[in-house]
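Trainee: Input query.pdb, format and content: PDB, C-alpha atoms.
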ATOM      1  CA  MET A 184     170.199 109.704 142.939
ATOM      2  CA  THR A 185     172.467 106.712 143.594
ATOM      3  CA  ASN A 186     172.424 103.570 141.464
ATOM      4  CA  ASN A 187     171.256 101.524 144.458
ATOM      5  CA  ARG A 188     168.319 103.863 144.999
ATOM      6  CA  LEU A 189     167.505 103.818 141.294
ATOM      7  CA  SER A 190     167.706 100.037 141.157
ATOM      8  CA  HIS A 191     165.260  99.826 144.069
ATOM      9  CA  ILE A 192     162.802 102.165 142.320
ATOM     10  CA  PHE A 193     163.052 100.244 139.044
ATOM     11  CA  ARG A 194     162.688  96.921 140.835
ATOM     12  CA  GLU A 195     159.517  98.154 142.567
ATOM     13  CA  GLY A 196     158.078  99.752 139.442
ATOM     14  CA  PHE A 197     158.961  97.172 136.797
ATOM     15  CA  PRO A 198     158.296  93.489 137.613
ATOM     16  CA  PHE A 199     160.565  92.374 134.760
ATOM     17  CA  TRP A 200     163.644  93.977 136.367
ATOM     18  CA  GLU A 201     165.115  90.737 137.705
ATOM     19  CA  ALA A 202     164.772  89.106 134.286
ATOM     20  CA  LEU A 203     167.253  91.602 132.810
ATOM     21  CA  SER A 204     170.971  91.078 132.442
ATOM     22  CA  ASP A 205     173.319  93.544 134.109
ATOM     23  CA  ALA A 206     173.984  95.138 130.714
ATOM     24  CA  ASP A 207     170.240  95.563 130.054
ATOM     25  CA  LYS A 208     169.725  97.045 133.515
ATOM     26  CA  ASP A 209     172.502  99.552 132.857
ATOM     27  CA  SER A 210     170.947 100.421 129.492
ATOM     28  CA  LEU A 211     167.565 101.095 131.110
ATOM     29  CA  LEU A 212     169.115 103.134 133.909
ATOM     30  CA  ARG A 213     170.956 105.289 131.384
ATOM     31  CA  SER A 214     167.719 105.988 129.501
ATOM     32  CA  PHE A 215     165.822 107.591 132.372
ATOM     33  CA  HIS A 216     165.497 111.179 133.517
ATOM     34  CA  GLN A 217     163.750 112.770 136.455
ATOM     35  CA  ALA A 218     160.971 115.270 135.806
ATOM     36  CA  SER A 219     159.031 117.648 138.021
ATOM     37  CA  PHE A 220     155.672 119.094 137.025
ATOM     38  CA  LYS A 221     153.819 121.890 138.764
ATOM     39  CA  LYS A 222     150.098 121.514 139.443
ATOM     40  CA  GLY A 223     148.143 122.241 136.275
ATOM     41  CA  THR A 224     151.052 121.569 133.896
ATOM     42  CA  HIS A 225     150.118 119.962 130.573
ATOM     43  CA  PHE A 226     153.117 117.909 129.495
ATOM     44  CA  HIS A 227     152.018 115.201 127.071
ATOM     45  CA  ASP A 228     149.719 114.892 124.085
ATOM     46  CA  GLY A 229     149.347 112.475 121.207
ATOM     47  CA  ASN A 230     151.945 114.231 119.055
ATOM     48  CA  GLU A 231     154.839 112.913 121.107
ATOM     49  CA  CYS A 232     156.191 109.734 122.664
ATOM     50  CA  THR A 233     157.229 110.956 126.090
ATOM     51  CA  GLY A 234     158.221 107.563 127.459
ATOM     52  CA  ILE A 235     157.007 105.433 130.341
ATOM     53  CA  ILE A 236     156.274 107.529 133.405
ATOM     54  CA  LEU A 237     156.749 106.136 136.905
ATOM     55  CA  LEU A 238     155.052 108.454 139.385
ATOM     56  CA  LYS A 239     156.941 109.054 142.641
ATOM     57  CA  THR A 240     154.817 111.807 144.226
ATOM     58  CA  GLY A 241     151.701 113.789 143.292
ATOM     59  CA  SER A 242     148.994 112.732 140.846
ATOM     60  CA  LEU A 243     148.457 112.787 137.082
ATOM     61  CA  ARG A 244     145.303 112.830 134.962
ATOM     62  CA  LEU A 245     145.029 111.124 131.571
ATOM     63  CA  TYR A 246     142.234 112.302 129.309
ATOM     64  CA  LEU A 247     140.928 112.575 125.780
ATOM     65  CA  LEU A 248     140.454 116.034 124.303
ATOM     66  CA  SER A 249     137.908 116.566 121.529
ATOM     67  CA  PRO A 250     138.431 119.114 118.717
ATOM     68  CA  ASP A 251     135.870 121.409 120.382
ATOM     69  CA  GLY A 252     137.724 121.293 123.712
ATOM     70  CA  LYS A 253     135.604 118.758 125.622
ATOM     71  CA  GLU A 254     137.580 116.532 127.978
ATOM     72  CA  VAL A 255     136.899 112.968 129.084
ATOM     73  CA  THR A 256     139.055 111.739 131.963
ATOM     74  CA  LEU A 257     140.215 108.162 131.393
ATOM     75  CA  TYR A 258     141.928 107.565 134.726
ATOM     76  CA  ARG A 259     144.259 109.137 137.259
ATOM     77  CA  LEU A 260     147.652 107.973 138.498
ATOM     78  CA  TYR A 261     149.025 108.064 142.033
ATOM     79  CA  PRO A 262     152.473 107.394 143.570
ATOM     80  CA  GLY A 263     153.799 104.014 142.468
ATOM     81  CA  ASP A 264     151.621 103.896 139.332
ATOM     82  CA  VAL A 265     153.097 103.574 135.856
ATOM     83  CA  CYS A 266     151.809 105.385 132.775
ATOM     84  CA  ILE A 267     152.440 103.433 129.585
ATOM     85  CA  LEU A 268     150.030 105.247 127.246
ATOM     86  CA  SER A 269     152.486 108.164 127.288
ATOM     87  CA  ALA A 270     154.825 105.829 125.369
ATOM     88  CA  SER A 271     152.385 105.127 122.559
ATOM     89  CA  CYS A 272     155.245 104.385 120.146
ATOM     90  CA  LEU A 273     155.696 101.117 122.076
ATOM     91  CA  LEU A 274     152.144 100.054 121.253
ATOM     92  CA  GLU A 275     151.410 100.403 117.563
ATOM     93  CA  ALA A 276     147.749  99.514 118.043
ATOM     94  CA  ILE A 277     147.116 102.752 119.969
ATOM     95  CA  THR A 278     145.464 105.102 117.477
ATOM     96  CA  PHE A 279     143.995 107.740 119.779
ATOM     97  CA  ASP A 280     145.728 110.732 121.324
ATOM     98  CA  VAL A 281     146.009 110.844 125.118
ATOM     99  CA  SER A 282     146.790 114.019 127.040
ATOM    100  CA  VAL A 283     148.407 114.107 130.484
ATOM    101  CA  ASP A 284     148.184 116.883 133.098
ATOM    102  CA  ALA A 285     149.661 117.141 136.581
ATOM    103  CA  GLU A 286     146.818 117.423 139.096
ATOM    104  CA  GLU A 287     149.257 118.182 141.902
ATOM    105  CA  ASP A 288     152.931 119.076 142.067
ATOM    106  CA  SER A 289     154.414 115.791 140.846
ATOM    107  CA  GLU A 290     157.799 114.072 140.757
ATOM    108  CA  CYS A 291     158.302 111.417 138.102
ATOM    109  CA  ILE A 292     160.880 109.134 136.598
ATOM    110  CA  VAL A 293     160.588 108.983 132.814
ATOM    111  CA  VAL A 294     162.097 105.951 131.077
ATOM    112  CA  GLY A 295     163.036 106.412 127.434
ATOM    113  CA  SER A 296     160.724 104.519 125.111
ATOM    114  CA  CYS A 297     163.547 103.617 122.688
ATOM    115  CA  ALA A 298     165.434 101.678 125.368
ATOM    116  CA  LEU A 299     162.308  99.862 126.488
ATOM    117  CA  GLU A 300     161.272  99.119 122.907
ATOM    118  CA  GLU A 301     164.644  97.496 122.235
ATOM    119  CA  LEU A 302     164.327  95.340 125.368
ATOM    120  CA  SER A 303     160.745  94.458 124.484
ATOM    121  CA  ARG A 304     161.846  93.003 121.145
ATOM    122  CA  ARG A 305     164.388  90.702 122.799
ATOM    123  CA  ILE A 306     162.977  89.827 126.212
ATOM    124  CA  PRO A 307     159.527  88.192 126.543
ATOM    125  CA  ALA A 308     159.080  89.389 130.141
ATOM    126  CA  VAL A 309     159.371  93.018 129.040
ATOM    127  CA  LYS A 310     156.967  92.531 126.120
ATOM    128  CA  LEU A 311     154.490  90.783 128.405
ATOM    129  CA  TYR A 312     154.733  93.624 130.919
ATOM    130  CA  THR A 313     153.968  96.321 128.333
ATOM    131  CA  LEU A 314     150.991  94.374 126.966
ATOM    132  CA  GLU A 315     149.544  93.521 130.386
ATOM    133  CA  THR A 316     149.941  97.096 131.617
ATOM    134  CA  ALA A 317     148.273  98.481 128.509
ATOM    135  CA  LEU A 318     145.448  95.924 128.815
ATOM    136  CA  SER A 319     144.859  96.921 132.430
ATOM    137  CA  ARG A 320     144.579 100.576 131.456
ATOM    138  CA  PHE A 321     142.269  99.780 128.554
ATOM    139  CA  SER A 322     139.999  98.090 131.084
ATOM    140  CA  ASP A 323     139.892 101.401 132.958
ATOM    141  CA  VAL A 324     139.080 103.203 129.709
ATOM    142  CA  MET A 325     136.265 100.772 128.883
ATOM    143  CA  TRP A 326     134.801 101.253 132.362
ATOM    144  CA  VAL A 327     134.679 105.001 131.731
ATOM    145  CA  MET A 328     133.041 104.471 128.328
ATOM    146  CA  GLN A 329     130.498 102.091 129.857
ATOM    147  CA  GLN A 330     129.521 104.710 132.429
ATOM    148  CA  ILE A 331     129.192 107.469 129.840
ATOM    149  CA  LEU A 332     127.175 105.390 127.398
ATOM    150  CA  PHE A 333     124.953 103.273 129.621
ATOM    151  CA  MET A 334     124.642 104.737 133.137
ATOM    152  CA  SER A 335     122.351 107.465 134.376
ATOM    153  CA  MET A 336     124.019 110.597 135.713
ATOM    154  CA  ASP A 337     122.862 110.059 139.306
ATOM    155  CA  LYS A 338     124.444 106.578 139.323
ATOM    156  CA  ARG A 339     127.669 107.864 137.750
ATOM    157  CA  LEU A 340     127.972 110.710 140.231
ATOM    158  CA  ALA A 341     127.287 108.441 143.212
ATOM    159  CA  ILE A 342     130.008 106.037 142.014
ATOM    160  CA  PHE A 343     132.411 108.933 141.533
ATOM    161  CA  LEU A 344     131.804 110.418 144.994
ATOM    162  CA  LEU A 345     132.167 107.059 146.736
ATOM    163  CA  ASP A 346     135.347 106.239 144.797
ATOM    164  CA  GLU A 347     136.877 109.609 145.642
ATOM    165  CA  SER A 348     136.015 109.161 149.314
ATOM    166  CA  ALA A 349     137.671 105.735 149.312
ATOM    167  CA  LYS A 350     140.811 107.077 147.597
ATOM    168  CA  THR A 351     141.253 110.050 149.906
ATOM    169  CA  GLY A 352     140.042 108.337 153.094
ATOM    170  CA  SER A 353     137.772 111.275 153.806
ATOM    171  CA  ASP A 354     134.045 111.996 153.585
ATOM    172  CA  THR A 355     134.817 115.594 152.596
ATOM    173  CA  LEU A 356     135.943 116.098 148.997
ATOM    174  CA  LYS A 357     137.750 119.324 148.148
ATOM    175  CA  LEU A 358     136.569 119.349 144.549
ATOM    176  CA  THR A 359     134.817 122.042 142.554
ATOM    177  CA  HIS A 360     131.840 121.339 140.314
ATOM    178  CA  GLU A 361     134.100 122.184 137.354
ATOM    179  CA  GLN A 362     136.680 119.582 138.395
ATOM    180  CA  ILE A 363     134.048 116.874 138.826
ATOM    181  CA  ALA A 364     132.610 117.725 135.411
ATOM    182  CA  LYS A 365     136.064 117.314 133.839
ATOM    183  CA  TYR A 366     136.616 113.984 135.542
ATOM    184  CA  MET A 367     133.225 112.710 134.430
ATOM    185  CA  GLY A 368     133.229 114.156 130.911
ATOM    186  CA  THR A 369     130.128 116.280 131.269
ATOM    187  CA  ALA A 370     129.100 119.919 131.758
ATOM    188  CA  ARG A 371     129.485 121.799 135.043
ATOM    189  CA  GLU A 372     125.800 122.712 134.964
ATOM    190  CA  VAL A 373     124.862 119.021 134.913
ATOM    191  CA  ILE A 374     126.982 118.341 138.002
ATOM    192  CA  THR A 375     125.551 121.372 139.807
ATOM    193  CA  ARG A 376     121.964 120.235 139.159
ATOM    194  CA  MET A 377     122.682 116.674 140.262
ATOM    195  CA  LEU A 378     124.461 117.778 143.446
ATOM    196  CA  LYS A 379     121.515 120.011 144.297
ATOM    197  CA  TYR A 380     119.319 116.933 143.996
ATOM    198  CA  PHE A 381     121.690 114.937 146.224
ATOM    199  CA  VAL A 382     121.601 117.759 148.793
ATOM    200  CA  SER A 383     117.795 117.814 148.756
ATOM    201  CA  GLU A 384     117.786 114.058 149.410
ATOM    202  CA  GLY A 385     120.176 114.404 152.344
ATOM    203  CA  LEU A 386     122.915 112.414 150.609
ATOM    204  CA  VAL A 387     125.552 115.159 150.624
ATOM    205  CA  SER A 388     126.137 118.736 151.699
ATOM    206  CA  SER A 389     127.870 121.172 149.387
ATOM    207  CA  SER A 390     129.353 124.607 149.975
ATOM    208  CA  ARG A 391     131.971 126.705 148.225
ATOM    209  CA  GLY A 392     134.238 126.852 151.252
ATOM    210  CA  GLU A 393     133.940 123.302 152.579
ATOM    211  CA  GLY A 394     133.589 121.288 149.396
ATOM    212  CA  ILE A 395     131.289 118.258 149.191
ATOM    213  CA  ARG A 396     130.620 116.200 152.306
ATOM    214  CA  LEU A 397     129.131 112.727 152.045
ATOM    215  CA  LEU A 398     126.338 112.471 154.623
ATOM    216  CA  ASN A 399     124.626 109.224 153.645
ATOM    217  CA  LYS A 400     126.947 106.660 152.075
ATOM    218  CA  PRO A 401     124.406 103.810 152.221
ATOM    219  CA  GLY A 402     122.012 106.031 150.267
ATOM    220  CA  LEU A 403     124.667 106.760 147.673
ATOM    221  CA  ARG A 404     125.511 103.059 147.394
ATOM    222  CA  ARG A 405     121.856 102.252 146.718
ATOM    223  CA  LEU A 406     122.014 104.595 143.731
ATOM    224  CA  THR A 407     124.914 102.591 142.293
ATOM    225  CA  LEU A 408     122.975  99.300 142.187
TER     226      LEU A 408
END
As a first step, turn the structure in this file into structure tokens.
Mentor:
Amino acid sequence: MTNNRLSHIFREGFPFWEALSDADKDSLLRSFHQASFKKGTHFHDGNECTGIILLKTGSLRLYLLSPDGKEVTLYRLYPGDVCILSASCLLEAITFDVSVDAEEDSECIVVGSCALEELSRRIPAVKLYTLETALSRFSDVMWVMQQILFMSMDKRLAIFLLDESAKTGSDTLKLTHEQIAKYMGTAREVITRMLKYFVSEGLVSSSRGEGIRLLNKPGLRRLTL
């Protein structure tokens, strides 16, 4: 990958890029490496400081894993998104362990946390970027916690289905009950029962071969109110 191409990617991914000196830009460029992850690959947990991940293609899932193996999805990343919680050594206040899996075959640029930490100490724009990015992601985490703690399952599932439809641009979702349960931090049996209820109400159709098709979006939106 040429330096011009790399500079374009860094400029698009990191708003502080133009605030760096040429020497600092070179330092950051030297700290990166490209990484490819096959679908289903687990490549980060709380025992390491992988670095900041800039996603080029594919999708990643960040989640918490309990000692008994239960997963709670915090959020997912798509091309152009940046993962900063994988560089927890940059943010000393982070005291929980985050795991990262590749949901699809994914291409990433990984920026070394040591280089970014050194810039963050000297350059306010870099420090501000790391804090604002972390704050934005914590807002996502709090939204997930709010749903788990305070929302009924039918409301949570309706929100999930509508959000997925908006992200994919399709009314047909190629997701299994097990996948939805992982994303929502609940049991597969709970999702199966709730989808059966949605089917009986004419809100969705569900079949093993076709996935889940949203038939009545206004009805689903009423459940989210």
Trainee: Enumerate, in order of chain and increasing residue number, the residues of region 185-246 of chain A with an atom no farther than 10 Å from region 255-265 of chain A, each with its shortest atom pair and distance in Å to one decimal, counting only C-alpha atoms, as JSON lines.
Mentor:
{"residue": "A:Ile192", "atom": "CA", "partner": "A:Gly263", "partner_atom": "CA", "distance": 9.2}
{"residue": "A:Glu195", "atom": "CA", "partner": "A:Gly263", "partner_atom": "CA", "distance": 8.2}
{"residue": "A:Gly196", "atom": "CA", "partner": "A:Gly263", "partner_atom": "CA", "distance": 6.8}
{"residue": "A:Phe197", "atom": "CA", "partner": "A:Val265", "partner_atom": "CA", "distance": 8.7}
{"residue": "A:Ile235", "atom": "CA", "partner": "A:Val265", "partner_atom": "CA", "distance": 7.0}
{"residue": "A:Ile236", "atom": "CA", "partner": "A:Val265", "partner_atom": "CA", "distance": 5.6}
{"residue": "A:Leu237", "atom": "CA", "partner": "A:Val265", "partner_atom": "CA", "distance": 4.6}
{"residue": "A:Leu238", "atom": "CA", "partner": "A:Pro262", "partner_atom": "CA", "distance": 5.0}
{"residue": "A:Lys239", "atom": "CA", "partner": "A:Pro262", "partner_atom": "CA", "distance": 4.9}
{"residue": "A:Thr240", "atom": "CA", "partner": "A:Pro262", "partner_atom": "CA", "distance": 5.0}
{"residue": "A:Gly241", "atom": "CA", "partner": "A:Tyr261", "partner_atom": "CA", "distance": 6.4}
{"residue": "A:Ser242", "atom": "CA", "partner": "A:Tyr261", "partner_atom": "CA", "distance": 4.8}
{"residue": "A:Leu243", "atom": "CA", "partner": "A:Leu260", "partner_atom": "CA", "distance": 5.1}
{"residue": "A:Arg244", "atom": "CA", "partner": "A:Arg259", "partner_atom": "CA", "distance": 4.5}
{"residue": "A:Leu245", "atom": "CA", "partner": "A:Leu257", "partner_atom": "CA", "distance": 5.7}
{"residue": "A:Tyr246", "atom": "CA", "partner": "A:Thr256", "partner_atom": "CA", "distance": 4.2}
Trainee: Go through A:Ala298, A:Glu290, A:Val283, A:Ile374 and flag the residue nearest Asp209 (chain A), using only C-alpha atoms for the distances.
Mentor: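 Among A:Ala298, A:Glu290, A:Val283, A:Ile374, it is A:Ala298 that comes nearest to Asp209 (chain A).
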Trainee: When you count all atoms listed in the file, which of these residues is closest to His227 (chain A): A:Lys379, A:Leu268, A:Gly385, A:Asp207?
Mentor: A:Leu268
Trainee: Find the distance between CA of Phe220 (chain A) and CA of Ala285 (chain A) and write it in Å to one decimal.
Mentor: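 Value for the CA of Phe220 (chain A)-CA of Ala285 (chain A) distance: 6.3 Å.
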Trainee: Take CA of Thr355 (chain A) and CA of Leu403 (chain A) and report the distance between them in Å, one decimal.
Mentor: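 Distance reported for this atom pair: 14.3 Å.
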Trainee: Could you tell me how far CA of Ala206 (chain A) lies from CA of Val293 (chain A), in Å and to one decimal?
Mentor: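 Distance reported for this atom pair: 19.4 Å.
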Trainee: Let me make sure I understand: among A:Ala364, A:Leu398, A:Cys297, A:Val324, which one has the smallest atom-to-atom distance to Met336 (chain A) if we use only C-alpha atoms?
Mentor: A:Ala364
Trainee: Taking all listed atoms of region 312-330 of chain A, build the axis-aligned box, pad each of the six sides by 8 Å, then write its centre and edge lengths in Å to one decimal as JSON.
Mentor:
{"center_x": 142.1, "center_y": 99.3, "center_z": 130.0, "size_x": 41.2, "size_y": 27.5, "size_z": 22.0}
Trainee: Hey, which of A:Glu393, A:Leu211, A:Arg304, A:Thr369 ends up closest to Gln330 (chain A)? Count all atoms listed in the file.
Mentor: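 Smallest distance to Gln330 (chain A) is found for A:Thr369.
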